[in-house]
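> Here you go, start-v6.pdb (PDB, C-alpha atoms):
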```
ATOM      1  CA  MET A 761      22.894  11.636 -26.043
ATOM      2  CA  ALA A 762      22.825   8.039 -24.929
ATOM      3  CA  ARG A 763      20.084   5.695 -23.917
ATOM      4  CA  VAL A 764      20.185   3.701 -20.703
ATOM      5  CA  VAL A 765      17.581   0.974 -20.331
ATOM      6  CA  VAL A 766      16.277  -0.252 -16.992
ATOM      7  CA  ASP A 767      14.386  -3.554 -17.077
ATOM      8  CA  VAL A 768      12.240  -4.252 -14.023
ATOM      9  CA  MET A 769      10.866  -7.753 -13.426
ATOM     10  CA  PRO A 770       8.829  -9.273 -10.611
ATOM     11  CA  LYS A 771      11.083 -11.479  -8.451
ATOM     12  CA  PRO A 772      10.835 -15.170  -9.381
ATOM     13  CA  GLU A 773       9.123 -16.062  -6.095
ATOM     14  CA  ILE A 774       6.488 -13.313  -6.477
ATOM     15  CA  LEU A 775       3.229 -14.311  -8.141
ATOM     16  CA  ASP A 776       2.736 -12.499 -11.475
ATOM     17  CA  PRO A 777      -1.002 -12.502 -12.215
ATOM     18  CA  GLN A 778      -0.549 -10.378 -15.372
ATOM     19  CA  GLY A 779       1.966 -12.839 -16.815
ATOM     20  CA  LYS A 780      -0.444 -15.672 -15.956
ATOM     21  CA  ALA A 781      -3.254 -13.890 -17.826
ATOM     22  CA  VAL A 782      -1.058 -13.562 -20.919
ATOM     23  CA  LEU A 783      -0.002 -17.211 -20.621
ATOM     24  CA  GLY A 784      -3.670 -18.197 -20.503
ATOM     25  CA  ALA A 785      -4.551 -16.079 -23.539
ATOM     26  CA  LEU A 786      -1.857 -17.447 -25.862
ATOM     27  CA  PRO A 787      -3.292 -20.955 -26.427
ATOM     28  CA  ARG A 788      -6.756 -19.459 -26.949
ATOM     29  CA  LEU A 789      -5.247 -17.488 -29.840
ATOM     30  CA  GLY A 790      -3.682 -20.593 -31.309
ATOM     31  CA  PHE A 791      -0.115 -20.005 -30.070
ATOM     32  CA  SER A 792       1.373 -23.127 -28.548
ATOM     33  CA  GLY A 793       4.626 -24.119 -26.852
ATOM     34  CA  VAL A 794       4.866 -21.297 -24.315
ATOM     35  CA  THR A 795       5.300 -22.734 -20.831
ATOM     36  CA  ASP A 796       5.514 -19.514 -18.780
ATOM     37  CA  VAL A 797       5.188 -15.744 -19.129
ATOM     38  CA  ARG A 798       6.498 -13.112 -16.728
ATOM     39  CA  GLN A 799       5.516  -9.498 -17.340
ATOM     40  CA  GLY A 800       7.801  -6.622 -16.386
ATOM     41  CA  LYS A 801       8.504  -2.997 -17.228
ATOM     42  CA  ARG A 802      11.111  -1.370 -19.442
ATOM     43  CA  PHE A 803      12.282   2.202 -18.822
ATOM     44  CA  GLU A 804      14.280   4.060 -21.484
ATOM     45  CA  LEU A 805      16.265   6.935 -20.032
ATOM     46  CA  GLU A 806      17.784   9.471 -22.431
ATOM     47  CA  ILE A 807      21.025  10.628 -20.838
ATOM     48  CA  GLU A 808      22.898  13.893 -21.452
ATOM     49  CA  GLY A 809      26.517  13.374 -22.541
ATOM     50  CA  ASP A 810      28.507  10.174 -22.080
ATOM     51  CA  VAL A 811      27.434   7.279 -19.937
ATOM     52  CA  SER A 812      30.119   7.194 -17.271
ATOM     53  CA  ASP A 813      30.303   4.822 -14.305
ATOM     54  CA  GLU A 814      28.957   7.700 -12.256
ATOM     55  CA  VAL A 815      25.902   7.972 -14.510
ATOM     56  CA  LEU A 816      25.304   4.220 -14.288
ATOM     57  CA  ALA A 817      25.571   4.355 -10.501
ATOM     58  CA  SER A 818      23.066   7.186 -10.471
ATOM     59  CA  VAL A 819      20.668   5.221 -12.707
ATOM     60  CA  ALA A 820      20.994   2.236 -10.375
ATOM     61  CA  GLN A 821      19.992   4.517  -7.544
ATOM     62  CA  MET A 822      16.959   5.739  -9.537
ATOM     63  CA  ALA A 823      16.016   2.113 -10.154
ATOM     64  CA  GLU A 824      16.230   1.264  -6.465
ATOM     65  CA  THR A 825      14.450   4.390  -5.265
ATOM     66  CA  LEU A 826      11.631   4.853  -7.748
ATOM     67  CA  LEU A 827      11.609   2.656 -10.855
ATOM     68  CA  SER A 828      11.446  -0.621  -8.946
ATOM     69  CA  ASN A 829      10.226  -1.766  -5.555
ATOM     70  CA  PRO A 830      13.108  -3.932  -4.267
ATOM     71  CA  VAL A 831      10.675  -5.848  -2.046
ATOM     72  CA  ILE A 832       8.983  -7.472  -5.038
ATOM     73  CA  GLU A 833      11.059  -6.605  -8.116
ATOM     74  CA  ASN A 834      14.568  -6.996  -9.544
ATOM     75  CA  TYR A 835      16.100  -4.581 -12.026
ATOM     76  CA  GLN A 836      18.870  -4.575 -14.618
ATOM     77  CA  VAL A 837      20.606  -1.516 -16.039
ATOM     78  CA  ARG A 838      22.219  -1.556 -19.495
ATOM     79  CA  VAL A 839      23.398   0.950 -22.069
ATOM     80  CA  GLU A 840      21.680   0.670 -25.424
ATOM     81  CA  ALA A 841      23.890   1.126 -28.470
ATOM     82  CA  GLY A 842      22.912   4.255 -30.408
ATOM     83  CA  ASP A 843      21.839   4.191 -34.069
ATOM     84  CA  SER A 844      24.410   6.814 -35.047
ATOM     85  CA  ALA A 845      27.442   6.583 -32.819
TER      86      ALA A 845
ATOM     87  CA  MET B 804      -7.715  15.184  18.655
ATOM     88  CA  ARG B 805      -6.884  16.823  15.346
ATOM     89  CA  VAL B 806      -6.726  14.080  12.732
ATOM     90  CA  GLY B 807      -5.315  14.955   9.318
ATOM     91  CA  VAL B 808      -6.627  13.254   6.168
ATOM     92  CA  VAL B 809      -4.328  13.599   3.163
ATOM     93  CA  THR B 810      -5.804  14.230  -0.277
ATOM     94  CA  PHE B 811      -3.619  13.134  -3.183
ATOM     95  CA  PRO B 812      -4.601  13.601  -6.835
ATOM     96  CA  GLY B 813      -6.774  10.513  -7.343
ATOM     97  CA  SER B 814      -7.761   9.965  -3.701
ATOM     98  CA  LEU B 815     -11.375   8.758  -3.534
ATOM     99  CA  ASP B 816     -12.167   8.123   0.098
ATOM    100  CA  ASP B 817     -10.743  11.244   1.729
ATOM    101  CA  VAL B 818     -14.181  12.764   2.387
ATOM    102  CA  ASP B 819     -15.511   9.489   3.839
ATOM    103  CA  ALA B 820     -12.396   9.257   6.008
ATOM    104  CA  GLN B 821     -12.944  12.814   7.262
ATOM    105  CA  ARG B 822     -16.528  11.936   8.099
ATOM    106  CA  ALA B 823     -15.449   8.791   9.954
ATOM    107  CA  VAL B 824     -12.892  10.837  11.898
ATOM    108  CA  ARG B 825     -15.660  13.236  13.005
ATOM    109  CA  LEU B 826     -17.966  10.342  13.944
ATOM    110  CA  GLY B 827     -15.070   9.012  16.021
ATOM    111  CA  GLY B 828     -15.196  12.225  18.011
ATOM    112  CA  HIS B 829     -12.297  14.103  16.456
ATOM    113  CA  GLU B 830     -11.668  17.168  14.359
ATOM    114  CA  ALA B 831     -10.898  16.266  10.725
ATOM    115  CA  VAL B 832      -8.165  18.387   9.152
ATOM    116  CA  ALA B 833      -7.746  18.331   5.370
ATOM    117  CA  LEU B 834      -4.103  17.931   4.317
ATOM    118  CA  TRP B 835      -2.878  18.480   0.760
ATOM    119  CA  HIS B 836      -0.303  16.237  -0.941
ATOM    120  CA  GLY B 837       1.681  19.211  -2.228
ATOM    121  CA  ASP B 838       2.170  20.913   1.151
ATOM    122  CA  HIS B 839       5.133  20.459   3.492
ATOM    123  CA  ASP B 840       2.747  20.996   6.390
ATOM    124  CA  LEU B 841       0.848  18.715   8.783
ATOM    125  CA  ARG B 842      -1.080  21.666  10.297
ATOM    126  CA  ASP B 843      -0.378  20.586  13.894
ATOM    127  CA  VAL B 844      -2.409  17.383  13.656
ATOM    128  CA  ASP B 845      -2.108  14.632  16.276
ATOM    129  CA  ALA B 846      -2.650  11.753  13.841
ATOM    130  CA  VAL B 847      -2.844  11.169  10.068
ATOM    131  CA  VAL B 848      -5.065   9.032   7.827
ATOM    132  CA  LEU B 849      -3.929   8.147   4.299
ATOM    133  CA  PRO B 850      -7.205   7.346   2.523
ATOM    134  CA  GLY B 851      -8.098   4.943  -0.267
ATOM    135  CA  GLY B 852      -8.302   5.648  -3.967
ATOM    136  CA  PHE B 853      -5.980   5.626  -6.943
ATOM    137  CA  SER B 854      -3.457   8.328  -6.109
ATOM    138  CA  TYR B 855      -1.520   9.488  -9.178
ATOM    139  CA  GLY B 856      -3.595   7.041 -11.211
ATOM    140  CA  ASP B 857      -1.653   4.104  -9.693
ATOM    141  CA  TYR B 858       1.059   5.007 -12.245
ATOM    142  CA  LEU B 859       4.311   3.025 -11.945
ATOM    143  CA  ARG B 860       3.087   1.035  -8.901
ATOM    144  CA  CYS B 861       0.240   1.725  -6.481
ATOM    145  CA  GLY B 862       1.517   4.329  -4.022
ATOM    146  CA  ALA B 863       4.935   4.659  -5.673
ATOM    147  CA  ILE B 864       4.538   8.298  -6.751
ATOM    148  CA  SER B 865       2.533   9.399  -3.685
ATOM    149  CA  ARG B 866       5.318   8.174  -1.471
ATOM    150  CA  PHE B 867       7.428  11.089  -2.756
ATOM    151  CA  ALA B 868       4.704  13.758  -2.420
ATOM    152  CA  PRO B 869       5.901  16.693  -0.274
ATOM    153  CA  VAL B 870       3.427  15.939   2.522
ATOM    154  CA  MET B 871       4.764  12.383   2.802
ATOM    155  CA  THR B 872       8.187  13.657   3.896
ATOM    156  CA  GLU B 873       6.401  15.151   6.904
ATOM    157  CA  VAL B 874       4.227  12.070   7.460
ATOM    158  CA  VAL B 875       7.243   9.718   7.398
ATOM    159  CA  GLU B 876       9.123  11.934   9.850
ATOM    160  CA  ALA B 877       6.119  12.234  12.185
ATOM    161  CA  ALA B 878       5.491   8.476  12.016
ATOM    162  CA  ARG B 879       9.098   7.814  13.017
ATOM    163  CA  ARG B 880       8.557  10.106  16.021
ATOM    164  CA  GLY B 881       5.533   7.998  17.012
ATOM    165  CA  MET B 882       2.540   9.860  15.550
ATOM    166  CA  PRO B 883      -0.383   7.499  14.848
ATOM    167  CA  VAL B 884      -0.745   6.953  11.090
ATOM    168  CA  LEU B 885      -3.485   4.842   9.475
ATOM    169  CA  GLY B 886      -3.281   3.814   5.812
ATOM    170  CA  ILE B 887      -6.426   2.403   4.241
ATOM    171  CA  CYS B 888      -6.218   0.494   0.928
ATOM    172  CA  ASN B 889      -4.215   2.883  -1.301
ATOM    173  CA  GLY B 890      -2.958   4.396   1.967
ATOM    174  CA  PHE B 891      -1.648   0.938   2.984
ATOM    175  CA  GLN B 892       0.099   0.686  -0.392
ATOM    176  CA  ILE B 893       1.688   4.111   0.188
ATOM    177  CA  LEU B 894       2.899   3.067   3.667
ATOM    178  CA  CYS B 895       4.549  -0.035   2.179
ATOM    179  CA  GLU B 896       6.169   1.994  -0.620
ATOM    180  CA  SER B 897       7.398   4.433   2.060
ATOM    181  CA  HIS B 898       8.972   1.510   3.959
ATOM    182  CA  LEU B 899       7.053   2.531   7.082
ATOM    183  CA  LEU B 900       5.528  -0.952   6.843
ATOM    184  CA  PRO B 901       7.260  -4.086   5.496
ATOM    185  CA  GLY B 902       6.163  -6.019   2.415
ATOM    186  CA  ALA B 903       4.166  -4.945  -0.623
ATOM    187  CA  LEU B 904       0.737  -5.260  -2.217
ATOM    188  CA  ILE B 905       0.435  -6.903  -5.612
ATOM    189  CA  ARG B 906      -2.390  -7.599  -8.055
ATOM    190  CA  ASN B 907      -5.093  -9.928  -6.693
ATOM    191  CA  ASP B 908      -4.192 -13.543  -7.484
ATOM    192  CA  HIS B 909      -7.526 -14.100  -9.280
ATOM    193  CA  ARG B 910      -6.900 -10.925 -11.371
ATOM    194  CA  LYS B 911     -10.358  -9.471 -10.714
ATOM    195  CA  PHE B 912     -11.314  -6.363  -8.787
ATOM    196  CA  VAL B 913     -13.069  -7.432  -5.610
ATOM    197  CA  CYS B 914     -15.800  -5.458  -3.849
ATOM    198  CA  ARG B 915     -17.602  -7.135  -0.978
ATOM    199  CA  ASP B 916     -18.424  -7.150   2.716
ATOM    200  CA  GLN B 917     -15.449  -8.917   4.258
ATOM    201  CA  ARG B 918     -15.242 -10.711   7.591
ATOM    202  CA  LEU B 919     -12.085 -10.004   9.556
ATOM    203  CA  ARG B 920     -10.572 -10.889  12.897
ATOM    204  CA  VAL B 921      -8.897  -8.145  14.930
ATOM    205  CA  GLU B 922      -5.706  -9.748  16.261
ATOM    206  CA  ASN B 923      -3.834  -6.771  17.707
ATOM    207  CA  THR B 924      -5.712  -4.313  19.895
ATOM    208  CA  ALA B 925      -2.589  -2.584  21.238
ATOM    209  CA  THR B 926      -2.389  -0.027  18.403
ATOM    210  CA  PRO B 927      -3.882   3.488  18.682
ATOM    211  CA  TRP B 928      -6.230   2.533  15.811
ATOM    212  CA  THR B 929      -7.584  -0.746  17.226
ATOM    213  CA  SER B 930      -7.678  -0.328  21.021
ATOM    214  CA  ALA B 931     -11.484   0.025  20.967
ATOM    215  CA  TYR B 932     -11.862  -3.581  19.795
ATOM    216  CA  ARG B 933     -11.875  -6.715  21.873
ATOM    217  CA  GLN B 934      -8.932  -9.030  21.128
ATOM    218  CA  GLY B 935     -10.112 -11.591  18.573
ATOM    219  CA  ALA B 936     -13.250  -9.606  17.674
ATOM    220  CA  GLU B 937     -14.809 -10.689  14.376
ATOM    221  CA  ILE B 938     -15.994  -7.722  12.329
ATOM    222  CA  THR B 939     -17.395  -7.148   8.835
ATOM    223  CA  ILE B 940     -16.317  -4.172   6.752
ATOM    224  CA  VAL B 941     -16.190  -3.511   3.035
ATOM    225  CA  LEU B 942     -13.178  -4.532   0.952
ATOM    226  CA  LYS B 943     -12.632  -3.115  -2.550
ATOM    227  CA  ASN B 944      -9.357  -3.489  -4.389
ATOM    228  CA  GLY B 945      -7.606  -4.753  -7.482
ATOM    229  CA  GLU B 946      -4.125  -4.866  -5.967
ATOM    230  CA  GLY B 947      -4.579  -6.071  -2.418
ATOM    231  CA  GLY B 948      -2.459  -9.212  -2.305
ATOM    232  CA  TYR B 949      -0.102  -8.804   0.650
ATOM    233  CA  VAL B 950       3.346 -10.300   0.055
ATOM    234  CA  ALA B 951       6.601 -10.337   2.028
ATOM    235  CA  ASP B 952       9.447 -12.819   2.329
ATOM    236  CA  GLN B 953       9.122 -15.702   4.793
ATOM    237  CA  PRO B 954      11.397 -14.217   7.511
ATOM    238  CA  THR B 955       9.367 -10.986   7.429
ATOM    239  CA  LEU B 956       6.081 -12.903   7.662
ATOM    240  CA  ASP B 957       7.424 -14.996  10.563
ATOM    241  CA  ARG B 958       8.558 -11.834  12.318
ATOM    242  CA  LEU B 959       5.159 -10.138  11.846
ATOM    243  CA  GLU B 960       3.429 -13.204  13.291
ATOM    244  CA  GLY B 961       5.941 -13.682  16.114
ATOM    245  CA  GLU B 962       5.729 -10.059  17.220
ATOM    246  CA  GLY B 963       1.925  -9.944  17.018
ATOM    247  CA  ARG B 964       2.034  -7.343  14.271
ATOM    248  CA  VAL B 965      -0.768  -8.828  12.165
ATOM    249  CA  VAL B 966      -3.538  -6.382  13.106
ATOM    250  CA  VAL B 967      -6.421  -7.820  11.083
ATOM    251  CA  ARG B 968      -6.741 -11.132   9.240
ATOM    252  CA  TYR B 969      -9.221 -12.248   6.580
ATOM    253  CA  LEU B 970     -11.810 -14.799   7.663
ATOM    254  CA  ASP B 971     -13.667 -17.224   5.363
ATOM    255  CA  ASP B 972     -12.324 -16.885   1.802
ATOM    256  CA  ASN B 973      -9.027 -15.127   1.231
ATOM    257  CA  PRO B 974     -10.205 -12.371  -1.154
ATOM    258  CA  ASN B 975      -6.964 -11.488  -2.934
ATOM    259  CA  GLY B 976      -4.230 -14.057  -2.352
ATOM    260  CA  SER B 977      -2.685 -12.239   0.627
ATOM    261  CA  LEU B 978      -0.057 -14.436   2.267
ATOM    262  CA  ARG B 979      -1.223 -15.928   5.588
ATOM    263  CA  ASP B 980      -4.591 -14.190   5.082
ATOM    264  CA  ILE B 981      -3.062 -10.901   6.213
ATOM    265  CA  ALA B 982      -5.448  -7.942   5.837
ATOM    266  CA  GLY B 983      -3.523  -5.388   7.894
ATOM    267  CA  ILE B 984      -0.275  -4.974   9.830
ATOM    268  CA  THR B 985       1.536  -2.547  12.100
ATOM    269  CA  ASN B 986       5.123  -1.354  12.442
ATOM    270  CA  GLU B 987       7.508  -2.315  15.271
ATOM    271  CA  ARG B 988       6.482   0.637  17.399
ATOM    272  CA  GLY B 989       2.772  -0.033  16.801
ATOM    273  CA  ASN B 990       1.806   3.520  15.796
ATOM    274  CA  VAL B 991       1.569   2.927  12.032
ATOM    275  CA  VAL B 992      -1.236   0.652  10.816
ATOM    276  CA  GLY B 993      -2.082  -0.271   7.225
ATOM    277  CA  LEU B 994      -5.006  -2.392   6.032
ATOM    278  CA  MET B 995      -6.747  -3.108   2.733
ATOM    279  CA  PRO B 996     -10.374  -3.186   3.968
ATOM    280  CA  HIS B 997     -12.194   0.128   4.493
ATOM    281  CA  PRO B 998     -13.322   0.842   8.088
ATOM    282  CA  GLU B 999     -14.323   4.395   7.040
ATOM    283  CA  HIS B1000     -17.123   2.888   4.895
ATOM    284  CA  ALA B1001     -18.579   1.022   7.885
ATOM    285  CA  VAL B1002     -19.369   3.762  10.390
ATOM    286  CA  GLU B1003     -23.110   4.390   9.939
ATOM    287  CA  GLU B1004     -26.180   2.137   9.766
ATOM    288  CA  LEU B1005     -27.534   4.005   6.741
ATOM    289  CA  THR B1006     -24.903   2.690   4.326
ATOM    290  CA  GLY B1007     -22.658  -0.322   4.077
ATOM    291  CA  SER B1008     -22.440  -3.433   6.170
ATOM    292  CA  GLY B1009     -22.949  -1.833   9.586
ATOM    293  CA  THR B1010     -20.789   0.097  12.008
ATOM    294  CA  ASP B1011     -17.990  -2.375  12.697
ATOM    295  CA  GLY B1012     -15.421   0.078  11.304
ATOM    296  CA  VAL B1013     -16.052   2.909  13.717
ATOM    297  CA  GLY B1014     -13.661   1.417  16.284
ATOM    298  CA  PHE B1015     -10.699   2.423  14.131
ATOM    299  CA  PHE B1016     -11.668   6.056  14.697
ATOM    300  CA  THR B1017     -12.810   5.919  18.345
ATOM    301  CA  SER B1018      -9.644   4.036  19.336
ATOM    302  CA  LEU B1019      -7.617   7.244  19.035
ATOM    303  CA  ALA B1020      -9.506   8.832  21.905
ATOM    304  CA  LEU B1021      -8.734   5.831  24.134
ATOM    305  CA  ALA B1022      -5.106   6.028  23.050
ATOM    306  CA  SER B1023      -4.845   9.715  23.938
ATOM    307  CA  PHE B1024      -6.205   9.157  27.473
ATOM    308  CA  ALA B1025      -4.126   6.062  28.095
TER     309      ALA B1025
END
```
The structure given in the file should be rewritten as structure tokens.


Amino acid sequence: MARVVVDVMPKPEILDPQGKAVLGALPRLGFSGVTDVRQGKRFELEIEGDVSDEVLASVAQMAETLLSNPVIENYQVRVEAGDSA
Amino acid sequence: MRVGVVTFPGSLDDVDAQRAVRLGGHEAVALWHGDHDLRDVDAVVLPGGFSYGDYLRCGAISRFAPVMTEVVEAARRGMPVLGICNGFQILCESHLLPGALIRNDHRKFVCRDQRLRVENTATPWTSAYRQGAEITIVLKNGEGGYVADQPTLDRLEGEGRVVVRYLDDNPNGSLRDIAGITNERGNVVGLMPHPEHAVEELTGSGTDGVGFFTSLALASFA
């Protein structure tokens, strides 16, 4: 088993009202020094067997088809190191 | 005409849409998200609501419902398709319409009578209106901010594909005050405001929405 992580973030030019809400809440809670917050999504996919290039290509396709909307979001695919390799 | 109204899990306005279809002079045909069958309808309405709980992104799961395979195919062949609110979101996720709808810029759910201008009366859903008509119908959404890149927006404007535009205050941060658009062919229309809630004097802001449902008859005789 291996874990592949897909991070999905709103594109830089797309307004992120949720990130803005978090940014506004931080100073009210006494946290200072944060100049911007962008909120995204993280998907953890448990993969059968080894993570081959083919598997990564397939995950990229999942990210483009379903996990992200390429019109407003970017995604990144990475393999997460297992605890017991 | 036989006008199909799709019910997804979480659709809210399917019954209102069916009623509006009947008031427009058509037969309303209930379609189910899980069926690969359009039941010989002549047009399709994707109603408002929170299909699949808005999980992942609004419309993202519905776009892959079995019935949507048929709707996308029929739309590409030229069948009139109208997406209202969540239906608009589904049409964008399906890539039948360009752009996307994101959370309102002010982060609050908005529910109000909204003034609009009808800017394209060449579609089968808007031919009953006068070009430039100013109408008031209800708007209710949390994720109704229309976004697209600049070239796409310029193209929509240049080709007259902005169907309805917000008047007075922009209610959700939609770029260029866009409330609804159509595809290149003009048969697919999506809009955030709800014409199906403005078809009878008894409820709502009046009957300014009924034109969306009577237009089909004009289109079929054209």

> Could you work out how far CA of Cys888 in chain B lies from CA of Asp908 in chain B, giving the answer in Å with one decimal?

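According to the coordinates, CA of Asp908 in chain B and CA of Cys888 in chain B are separated by 16.5 Å.
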
> Could you tell me how far CA of Ile893 in chain B sits from CA of Thr926 in chain B, in Å to one decimal place?

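We find that CA of Thr926 in chain B and CA of Ile893 in chain B lie 19.1 Å from each other.
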
> Expanded to explicit residues, what is the PyMOL selection byres ((chain B) within 10 of (chain A)) for this file, as a list in words?

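Output of the PyMOL selection byres ((chain B) within 10 of (chain A)): Leu859, Arg860, Ala863, Ile864, Arg866, Phe867, Cys895, Glu896, His898, Pro901, Gly902, Ala903, Leu904, Ile905, Arg906, Asn907, Asp908, His909, Arg910, Lys911, Gly948, Val950, Ala951, Asp952 and Gly976 of chain B.
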
> Keeping only C-alpha atoms, take the residues you just selected and write them out as a compact mmCIF listing (two decimals), in the coordinates of the input.


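Dumped to selection-v4.txt:
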```
# COMPACT_ATOMS: atom_id res chain seq x y z
CA LEU B 859 4.31 3.02 -11.94
CA ARG B 860 3.09 1.03 -8.90
CA ALA B 863 4.93 4.66 -5.67
CA ILE B 864 4.54 8.30 -6.75
CA ARG B 866 5.32 8.17 -1.47
CA PHE B 867 7.43 11.09 -2.76
CA CYS B 895 4.55 -0.04 2.18
CA GLU B 896 6.17 1.99 -0.62
CA HIS B 898 8.97 1.51 3.96
CA PRO B 901 7.26 -4.09 5.50
CA GLY B 902 6.16 -6.02 2.42
CA ALA B 903 4.17 -4.94 -0.62
CA LEU B 904 0.74 -5.26 -2.22
CA ILE B 905 0.44 -6.90 -5.61
CA ARG B 906 -2.39 -7.60 -8.06
CA ASN B 907 -5.09 -9.93 -6.69
CA ASP B 908 -4.19 -13.54 -7.48
CA HIS B 909 -7.53 -14.10 -9.28
CA ARG B 910 -6.90 -10.92 -11.37
CA LYS B 911 -10.36 -9.47 -10.71
CA GLY B 948 -2.46 -9.21 -2.31
CA VAL B 950 3.35 -10.30 0.06
CA ALA B 951 6.60 -10.34 2.03
CA ASP B 952 9.45 -12.82 2.33
CA GLY B 976 -4.23 -14.06 -2.35
```

> Restricting the calculation to only C-alpha atoms, which member of B:Ile887, B:Val847, B:Ala823, B:Cys861 is positioned closest to Gly807 in chain B?

B:Val847

> For range 815-817 of chain A, work out the shell of residues within 10 Å, counting only C-alpha atoms and skipping chain neighbours fewer than 6 positions away, then give it as number ranges by chain.

A: 764, 807-809, 823, 837-839

> So that I can see what lies close to Glu1003 in chain B, please list as a list in words the residues with an atom at most 10 Å from it, counting all atoms listed in the file and leaving out residues fewer than 5 positions away in the same chain.

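Residues meeting the cut-off are Ala823, Leu826, Ser1008, Gly1009, Thr1010, Asp1011, Gly1012 and Val1013 of chain B.
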
> Any chance you could export the current selection's C-alpha atoms as a tab-separated table (two decimals), in the frame of the given file?


```
chain	number	residue	atom	x	y	z
B	823	ALA	CA	-15.45	8.79	9.95
B	826	LEU	CA	-17.97	10.34	13.94
B	1008	SER	CA	-22.44	-3.43	6.17
B	1009	GLY	CA	-22.95	-1.83	9.59
B	1010	THR	CA	-20.79	0.10	12.01
B	1011	ASP	CA	-17.99	-2.38	12.70
B	1012	GLY	CA	-15.42	0.08	11.30
B	1013	VAL	CA	-16.05	2.91	13.72
```

> What separation in Å, quoted to one decimal, exists between CA of Gln836 in chain A and CA of Asp767 in chain A?

5.2 Å

> Give as an mmCIF file with C-alpha atoms, keeping the file's coordinate frame each residue that has an atom at most 10 Å from (-6.1, 1.3, -7.9) in the file, counting all atoms listed in the file.


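Heads up, here's the output in result.cif:
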```
data_model
loop_
_atom_site.group_PDB
_atom_site.id
_atom_site.type_symbol
_atom_site.label_atom_id
_atom_site.label_comp_id
_atom_site.auth_asym_id
_atom_site.auth_seq_id
_atom_site.Cartn_x
_atom_site.Cartn_y
_atom_site.Cartn_z
ATOM 1 C CA GLY B 813 -6.774 10.513 -7.343
ATOM 2 C CA SER B 814 -7.761 9.965 -3.701
ATOM 3 C CA GLY B 851 -8.098 4.943 -0.267
ATOM 4 C CA GLY B 852 -8.302 5.648 -3.967
ATOM 5 C CA PHE B 853 -5.980 5.626 -6.943
ATOM 6 C CA SER B 854 -3.457 8.328 -6.109
ATOM 7 C CA TYR B 855 -1.520 9.488 -9.178
ATOM 8 C CA GLY B 856 -3.595 7.041 -11.211
ATOM 9 C CA ASP B 857 -1.653 4.104 -9.693
ATOM 10 C CA TYR B 858 1.059 5.007 -12.245
ATOM 11 C CA ARG B 860 3.087 1.035 -8.901
ATOM 12 C CA CYS B 861 0.240 1.725 -6.481
ATOM 13 C CA GLY B 862 1.517 4.329 -4.022
ATOM 14 C CA CYS B 888 -6.218 0.494 0.928
ATOM 15 C CA ASN B 889 -4.215 2.883 -1.301
ATOM 16 C CA GLN B 892 0.099 0.686 -0.392
ATOM 17 C CA ARG B 906 -2.390 -7.599 -8.055
ATOM 18 C CA PHE B 912 -11.314 -6.363 -8.787
ATOM 19 C CA LYS B 943 -12.632 -3.115 -2.550
ATOM 20 C CA ASN B 944 -9.357 -3.489 -4.389
ATOM 21 C CA GLY B 945 -7.606 -4.753 -7.482
ATOM 22 C CA GLU B 946 -4.125 -4.866 -5.967
ATOM 23 C CA GLY B 947 -4.579 -6.071 -2.418
#
```

> Which is closest to Thr929 in chain B among B:Val966, B:Leu994, B:Val875, B:Ala846, if we use all atoms listed in the file?

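Looking at the shortest contact to Thr929 in chain B, the residue is B:Val966.
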
> Quick one: residues within 8 Å of Ala878 in chain B, all atoms listed in the file counted, chain neighbours fewer than 4 positions away excluded, as a short mmCIF file (atom, residue, chain, number, x, y, z; two decimals) with C-alpha atoms, in the frame of the given file?


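Output file around.cif is given in full below:
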```
data_model
loop_
_atom_site.label_atom_id
_atom_site.label_comp_id
_atom_site.auth_asym_id
_atom_site.auth_seq_id
_atom_site.Cartn_x
_atom_site.Cartn_y
_atom_site.Cartn_z
CA VAL B 874 4.23 12.07 7.46
CA MET B 882 2.54 9.86 15.55
CA PRO B 883 -0.38 7.50 14.85
CA VAL B 884 -0.74 6.95 11.09
CA LEU B 899 7.05 2.53 7.08
CA ASN B 990 1.81 3.52 15.80
CA VAL B 991 1.57 2.93 12.03
#
```

> Given the file above and the PyMOL selection byres ((chain B and resi 982) around 8), which residues are selected, and can you give them as an NGL selection string?

:B and (919 or 949 or 965-969 or 977 or 980-981 or 983-984 or 994-996)

> Reconstruct N, CA and C atoms of range 779-785 of chain A; output as an mmCIF file, keeping the file's coordinate frame.


```
data_model
loop_
_atom_site.group_PDB
_atom_site.id
_atom_site.type_symbol
_atom_site.label_atom_id
_atom_site.label_comp_id
_atom_site.auth_asym_id
_atom_site.auth_seq_id
_atom_site.Cartn_x
_atom_site.Cartn_y
_atom_site.Cartn_z
ATOM 1 N N GLY A 779 1.292 -11.856 -15.968
ATOM 2 C CA GLY A 779 1.966 -12.839 -16.815
ATOM 3 C C GLY A 779 1.107 -14.079 -16.998
ATOM 4 N N LYS A 780 0.432 -14.490 -15.890
ATOM 5 C CA LYS A 780 -0.444 -15.672 -15.956
ATOM 6 C C LYS A 780 -1.600 -15.437 -16.924
ATOM 7 N N ALA A 781 -2.138 -14.206 -16.934
ATOM 8 C CA ALA A 781 -3.254 -13.890 -17.826
ATOM 9 C C ALA A 781 -2.810 -13.987 -19.285
ATOM 10 N N VAL A 782 -1.588 -13.493 -19.554
ATOM 11 C CA VAL A 782 -1.058 -13.562 -20.919
ATOM 12 C C VAL A 782 -0.828 -15.021 -21.307
ATOM 13 N N LEU A 783 -0.257 -15.786 -20.369
ATOM 14 C CA LEU A 783 -0.002 -17.211 -20.621
ATOM 15 C C LEU A 783 -1.308 -17.932 -20.958
ATOM 16 N N GLY A 784 -2.378 -17.555 -20.257
ATOM 17 C CA GLY A 784 -3.670 -18.197 -20.503
ATOM 18 C C GLY A 784 -4.277 -17.802 -21.837
ATOM 19 N N ALA A 785 -3.950 -16.579 -22.295
ATOM 20 C CA ALA A 785 -4.551 -16.079 -23.539
ATOM 21 C C ALA A 785 -3.884 -16.684 -24.777
#
```
